[in-house]
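Raw contents of work18.cif, mmCIF, C-alpha atoms:
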data_input
loop_
_atom_site.label_atom_id
_atom_site.label_comp_id
_atom_site.auth_asym_id
_atom_site.auth_seq_id
_atom_site.Cartn_x
_atom_site.Cartn_y
_atom_site.Cartn_z
CA MET A 1 12.04 -12.50 -45.02
CA PRO A 2 10.10 -10.90 -47.92
CA THR A 3 6.48 -9.84 -47.43
CA PRO A 4 4.11 -12.48 -48.84
CA GLN A 5 2.12 -11.23 -51.81
CA ILE A 6 -0.53 -12.38 -54.20
CA GLN A 7 -1.44 -10.97 -57.58
CA VAL A 8 -5.03 -10.38 -58.59
CA LYS A 9 -6.01 -10.07 -62.23
CA ASN A 10 -8.50 -7.44 -63.46
CA MET A 11 -7.92 -4.86 -60.72
CA VAL A 12 -7.93 -1.59 -62.62
CA CYS A 13 -9.42 1.11 -60.41
CA PRO A 14 -9.75 2.31 -56.82
CA ARG A 15 -13.13 0.55 -56.52
CA CYS A 16 -11.41 -2.71 -57.41
CA VAL A 17 -9.00 -2.17 -54.52
CA MET A 18 -11.91 -1.56 -52.14
CA SER A 19 -13.69 -4.70 -53.39
CA VAL A 20 -10.63 -6.87 -52.79
CA GLU A 21 -10.08 -5.32 -49.35
CA HIS A 22 -13.70 -6.11 -48.47
CA ILE A 23 -13.32 -9.75 -49.59
CA LEU A 24 -10.10 -10.17 -47.59
CA GLN A 25 -11.74 -8.71 -44.48
CA LYS A 26 -14.81 -10.90 -44.95
CA LEU A 27 -12.59 -14.01 -45.14
CA ASP A 28 -10.45 -12.80 -42.22
CA ILE A 29 -7.26 -12.81 -44.33
CA GLY A 30 -4.74 -10.38 -42.88
CA PHE A 31 -3.12 -7.93 -45.27
CA HIS A 32 -0.87 -4.89 -45.09
CA LYS A 33 -1.87 -3.20 -48.32
CA VAL A 34 -3.98 -3.70 -51.44
CA GLU A 35 -2.99 -1.87 -54.60
CA LEU A 36 -3.78 -2.31 -58.29
CA GLY A 37 -3.04 -5.93 -59.08
CA TRP A 38 -1.30 -6.74 -55.78
CA VAL A 39 -2.06 -7.68 -52.20
CA LYS A 40 0.68 -7.56 -49.56
CA LEU A 41 -0.31 -10.14 -46.99
CA LYS A 42 0.57 -10.43 -43.32
CA LYS A 43 1.38 -14.12 -43.90
CA GLU A 44 1.27 -16.67 -46.71
CA LEU A 45 -2.16 -17.95 -47.71
CA THR A 46 -3.02 -21.44 -46.59
CA ASN A 47 -4.54 -23.79 -49.16
CA LYS A 48 -7.86 -23.49 -47.32
CA GLN A 49 -7.75 -19.67 -47.51
CA LYS A 50 -6.81 -19.79 -51.19
CA SER A 51 -9.70 -22.17 -51.94
CA LYS A 52 -12.13 -19.74 -50.26
CA LEU A 53 -10.58 -16.61 -51.74
CA GLN A 54 -10.61 -17.64 -55.41
CA PRO A 55 -14.41 -18.09 -55.73
CA GLU A 56 -15.06 -14.84 -53.86
CA LEU A 57 -12.74 -12.97 -56.23
CA GLU A 58 -14.34 -14.63 -59.27
CA LYS A 59 -17.81 -13.44 -58.17
CA VAL A 60 -16.69 -9.86 -58.80
CA GLY A 61 -14.58 -10.52 -61.90
CA PHE A 62 -11.10 -11.00 -60.37
CA LEU A 63 -8.71 -13.95 -60.52
CA LEU A 64 -5.72 -15.03 -58.47
CA ILE A 65 -2.66 -15.17 -60.69
CA GLU A 66 -0.32 -18.07 -60.19
CA ASN A 67 1.18 -18.45 -63.69
CA PRO A 68 4.49 -16.49 -64.05
CA LYS A 69 3.57 -15.28 -67.56
CA GLU A 70 0.19 -14.00 -66.38
CA SER A 71 1.93 -12.40 -63.43
CA LEU A 72 4.24 -10.42 -65.71
CA VAL A 73 1.33 -9.39 -67.95
CA ASN A 74 -0.58 -8.25 -64.87
CA GLN A 75 2.40 -6.11 -63.86
CA ILE A 76 2.39 -4.50 -67.32
CA LYS A 77 -1.32 -3.74 -67.01
CA SER A 78 -0.87 -2.27 -63.53
CA ILE A 79 1.93 0.03 -64.74
CA ILE A 80 -0.23 1.28 -67.62
CA VAL A 81 -3.32 1.84 -65.46
CA LYS A 82 -1.28 3.61 -62.75
CA GLN A 83 0.14 5.96 -65.36
CA PHE A 84 -3.33 7.24 -66.21
CA GLU A 85 -4.38 7.47 -62.56
CA SER A 86 -1.55 9.94 -61.94
CA GLU A 87 -2.45 13.63 -61.64
CA ASN A 88 0.35 14.49 -64.07
CA PRO A 89 1.04 11.47 -66.28
CA SER A 90 4.30 11.54 -68.21
CA PHE A 91 4.42 10.06 -71.66
CA GLY A 92 7.43 8.42 -73.24
CA THR A 93 8.16 5.20 -75.03
CA PHE A 94 6.91 1.83 -73.87
CA ASP A 95 10.55 0.95 -73.16
CA GLU A 96 10.67 3.81 -70.64
CA LEU A 97 7.27 2.98 -69.17
CA LEU A 98 8.15 -0.68 -68.60
CA LYS A 99 11.85 -0.26 -67.69
CA ASP A 100 11.37 -1.48 -64.09
CA LEU A 101 10.33 -4.94 -65.31
CA SER A 102 13.92 -5.80 -66.36
CA TYR A 103 12.89 -7.39 -69.66
CA ASN A 104 13.34 -5.98 -73.13
CA TYR A 105 10.25 -4.53 -74.76
CA THR A 106 10.20 -7.05 -77.60
CA TYR A 107 9.87 -9.94 -75.14
CA LEU A 108 7.19 -8.13 -73.11
CA SER A 109 5.27 -7.26 -76.26
CA HIS A 110 5.22 -10.87 -77.52
CA LEU A 111 4.30 -12.20 -74.09
CA PHE A 112 1.47 -9.69 -73.65
CA SER A 113 0.01 -10.52 -77.07
CA GLU A 114 0.29 -14.25 -76.37
CA VAL A 115 -1.51 -14.02 -73.01
CA GLU A 116 -4.04 -11.26 -73.74
CA GLY A 117 -4.72 -11.63 -77.47
CA GLU A 118 -3.99 -7.94 -78.03
CA SER A 119 -0.86 -5.83 -78.13
CA ILE A 120 0.44 -3.63 -75.33
CA GLN A 121 -0.33 -0.63 -77.57
CA GLN A 122 -3.96 -1.74 -78.02
CA TYR A 123 -4.41 -2.22 -74.27
CA TYR A 124 -2.70 1.12 -73.58
CA GLN A 125 -5.05 2.84 -76.01
CA ARG A 126 -8.13 1.23 -74.42
CA VAL A 127 -7.03 2.39 -70.95
CA ARG A 128 -6.34 5.85 -72.33
CA ILE A 129 -9.81 6.08 -73.88
CA GLU A 130 -11.48 4.79 -70.69
CA LYS A 131 -9.67 7.56 -68.79
CA ALA A 132 -10.84 10.05 -71.42
CA LYS A 133 -14.43 8.87 -70.91
CA GLU A 134 -14.07 9.35 -67.17
CA LEU A 135 -12.70 12.87 -67.64
CA LEU A 136 -15.43 13.72 -70.16
CA GLN A 137 -18.14 12.49 -67.78
CA ASN A 138 -16.76 14.54 -64.88
CA GLN A 139 -17.06 17.66 -67.06
CA HIS A 140 -14.29 19.51 -65.16
CA LYS A 141 -11.98 19.75 -68.17
CA ASN A 142 -12.65 20.77 -71.74
CA ILE A 143 -11.69 18.52 -74.64
CA SER A 144 -8.40 20.33 -75.32
CA GLU A 145 -7.36 19.95 -71.68
CA ILE A 146 -8.25 16.24 -71.73
CA ALA A 147 -6.30 15.66 -74.96
CA TYR A 148 -3.26 17.39 -73.45
CA HIS A 149 -3.62 15.57 -70.10
CA LEU A 150 -3.67 12.20 -71.87
CA GLY A 151 -0.63 12.95 -74.04
CA TYR A 152 -2.28 13.40 -77.42
CA SER A 153 -0.36 15.57 -79.86
CA SER A 154 -3.53 17.41 -80.95
CA ASN A 155 -7.29 17.57 -80.46
CA ALA A 156 -7.71 16.01 -83.91
CA ASN A 157 -5.51 13.04 -82.94
CA PHE A 158 -7.52 12.62 -79.71
CA SER A 159 -10.87 12.85 -81.55
CA THR A 160 -9.80 10.33 -84.19
CA SER A 161 -8.58 7.82 -81.59
CA PHE A 162 -11.66 8.32 -79.41
CA LYS A 163 -14.09 7.84 -82.31
CA LYS A 164 -12.22 4.78 -83.57
CA LEU A 165 -12.70 2.98 -80.22
CA THR A 166 -16.09 4.32 -79.11
CA GLY A 167 -17.95 5.24 -82.31
CA PHE A 168 -18.46 8.78 -80.96
CA THR A 169 -16.48 11.99 -81.07
CA PRO A 170 -15.45 13.28 -77.64
CA THR A 171 -18.05 16.07 -77.97
CA GLN A 172 -20.83 13.61 -78.79
CA PHE A 173 -19.83 11.43 -75.87
CA LYS A 174 -19.61 14.39 -73.48
CA ASN A 175 -23.07 15.61 -74.51
CA ASN A 176 -24.76 12.20 -74.54
CA PHE A 177 -22.70 9.83 -72.40
CA THR A 178 -24.53 6.70 -71.27
CA ASN A 179 -23.10 6.50 -67.76
CA GLU A 180 -21.31 3.30 -68.71
CA ARG A 181 -17.62 2.53 -68.69
CA HIS A 182 -16.03 -0.77 -69.64
CA PHE A 183 -14.19 -2.74 -66.98
CA LEU A 184 -10.80 -3.30 -68.58
CA GLY A 185 -10.26 -6.71 -67.08
CA SER A 186 -13.21 -8.35 -68.76
CA GLU A 187 -15.01 -7.50 -71.96
CA THR A 188 -18.33 -8.76 -70.61
CA GLN A 189 -18.49 -6.65 -67.46
CA LYS A 190 -19.23 -2.97 -67.20
CA ILE A 191 -18.90 -0.48 -64.40
CA LYS A 192 -21.81 1.85 -63.82
CA THR A 193 -20.67 5.32 -62.88
CA ASN A 194 -22.59 7.64 -60.61
#

Output the structure of this file as structure tokens.
Amino acid sequence: MPTPQIQVKNMVCPRCVMSVEHILQKLDIGFHKVELGWVKLKKELTNKQKSKLQPELEKVGFLLIENPKESLVNQIKSIIVKQFESENPSFGTFDELLKDLSYNYTYLSHLFSEVEGESIQQYYQRVRIEKAKELLQNQHKNISEIAYHLGYSSNANFSTSFKKLTGFTPTQFKNNFTNERHFLGSETQKIKTN
């Protein structure tokens, strides 16, 4: 018998995982593991548990996913976010990145645009820039190292992309960052960094 699972939309970072774990513990819902976008449960949710869980998740910007199209889009988002959380991300084509989903890229691209209102490439670029902001704020790597780490072909390419999405060059951002990062699941929420 397969392990029961639920999908949770807008989980994009380790803090998101901790938030969902806290909610599940608070509601006394048994789980084996929480990872980006997924919860592996000890047993199927009852309707009563689901009705309590959904509002708790919504309070912190998450949603239970029950629609198959949204589920597939959530899987795409999780794959992209996980790539940038890796210590040594590898960069290839979107076909290679999404190969485990068993759908052709054209279908996934149309579906993603339909559900999210932006392309996979646009989402990928936003995640990439959010990771760049995080790395710039940590100040452990210089701009060339960050550009290389995130798969940019040159510092100029990185700077152009960064400025296009943020309005700042990486140097300006590094010198004057505002301690704010966007939460990629919702345009209206922001994550304050320490």

Fill in: Near-Ser144 (chain A) list (12 Å; all atoms listed in the file; drop same-chain fewer than 6 positions) as a ChimeraX atom specification
/A:132,135-136,150-159,170-171

Item to complete: Run the PyMOL selection byres ((chain A and resi 22-39) around 12) mentally over the shown coordinates, then write out the matched residues as JSON, numbers by chain, using the chain letters and numbers from the document.
Response: {"A": [3, 4, 5, 6, 7, 8, 9, 10, 11, 12, 13, 14, 15, 16, 17, 18, 19, 20, 21, 40, 41, 42, 43, 44, 45, 46, 48, 49, 50, 51, 52, 53, 54, 55, 56, 57, 58, 59, 60, 62, 63, 64, 65, 70, 71, 72, 73, 74, 75, 76, 77, 78, 79, 80, 81, 82, 83, 85, 185]}

Near Leu165 (chain A), counting all atoms listed in the file, which residues have an atom at most 10 Å away, once you skip same-chain residues fewer than 4 positions from it, shown as an mmCIF file with C-alpha atoms, keeping the file's coordinate frame?
data_model
loop_
_atom_site.group_PDB
_atom_site.id
_atom_site.type_symbol
_atom_site.label_atom_id
_atom_site.label_comp_id
_atom_site.auth_asym_id
_atom_site.auth_seq_id
_atom_site.Cartn_x
_atom_site.Cartn_y
_atom_site.Cartn_z
ATOM 1 C CA GLN A 125 -5.050 2.840 -76.010
ATOM 2 C CA ARG A 126 -8.130 1.230 -74.420
ATOM 3 C CA ILE A 129 -9.810 6.080 -73.880
ATOM 4 C CA GLU A 130 -11.480 4.790 -70.690
ATOM 5 C CA THR A 160 -9.800 10.330 -84.190
ATOM 6 C CA SER A 161 -8.580 7.820 -81.590
ATOM 7 C CA THR A 169 -16.480 11.990 -81.070
#

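What the PyMOL selection byres ((chain A and resi 105) around 12) grabs from this file is Ile76, Thr93, Phe94, Asp95, Glu96, Leu97, Leu98, Lys99, Asp100, Leu101, Ser102, Tyr103, Asn104, Thr106, Tyr107, Leu108, Ser109, His110, Leu111, Phe112, Ser119, Ile120 and Gln121 of chain A.
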
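Using only C-alpha atoms, the smallest distance between any of A:Gly61, A:Arg128, A:Val115, A:His140 and Phe162 (chain A) comes from A:Arg128.
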
Fill in: Among the residues A:Lys131, A:Asn176, A:Lys141, A:Lys164, the one that comes closest to Ser86 (chain A) [using only C-alpha atoms]
A:Lys131

Worksheet item: Quick one: distance from CA of Gly167 (chain A) to CA of Val127 (chain A) in Å, one decimal?
Response: 16.0 Å

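Between CA of Asn67 (chain A) and CA of Gly92 (chain A) lies a distance of 29.2 Å.
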
Taking all atoms of region 39-55 of chain A that the file lists and extending 3 Å past them on each side, where is the centre of the axis-aligned box and how long are its edges? Answer in Å to one decimal, as lines of an AutoDock Vina configuration file.
center_x = -6.5
center_y = -15.7
center_z = -49.5
size_x = 21.8
size_y = 22.2
size_z = 18.4

Discussion item. Which residue is closest to Lys133 (chain A)? Choose from A:Phe168, A:Tyr148, A:Phe84, A:Phe173 and count all atoms listed in the file.
Written reply: A:Phe173

Worksheet, complete the sentence: Using all atoms listed in the file, the residue out of A:Pro89, A:Phe177, A:Lys163, A:Asn47 with shortest distance to His149 (chain A) is A:Pro89

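Of the residues under consideration (A:Pro2, A:Ser90, A:Thr166, A:Lys69), A:Lys69 shows the shortest atom-to-atom contact distance to Ser113 (chain A) when counting all atoms listed in the file.
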
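Here CA of Glu134 (chain A) is placed at a distance of 14.1 Å from CA of Gln172 (chain A).
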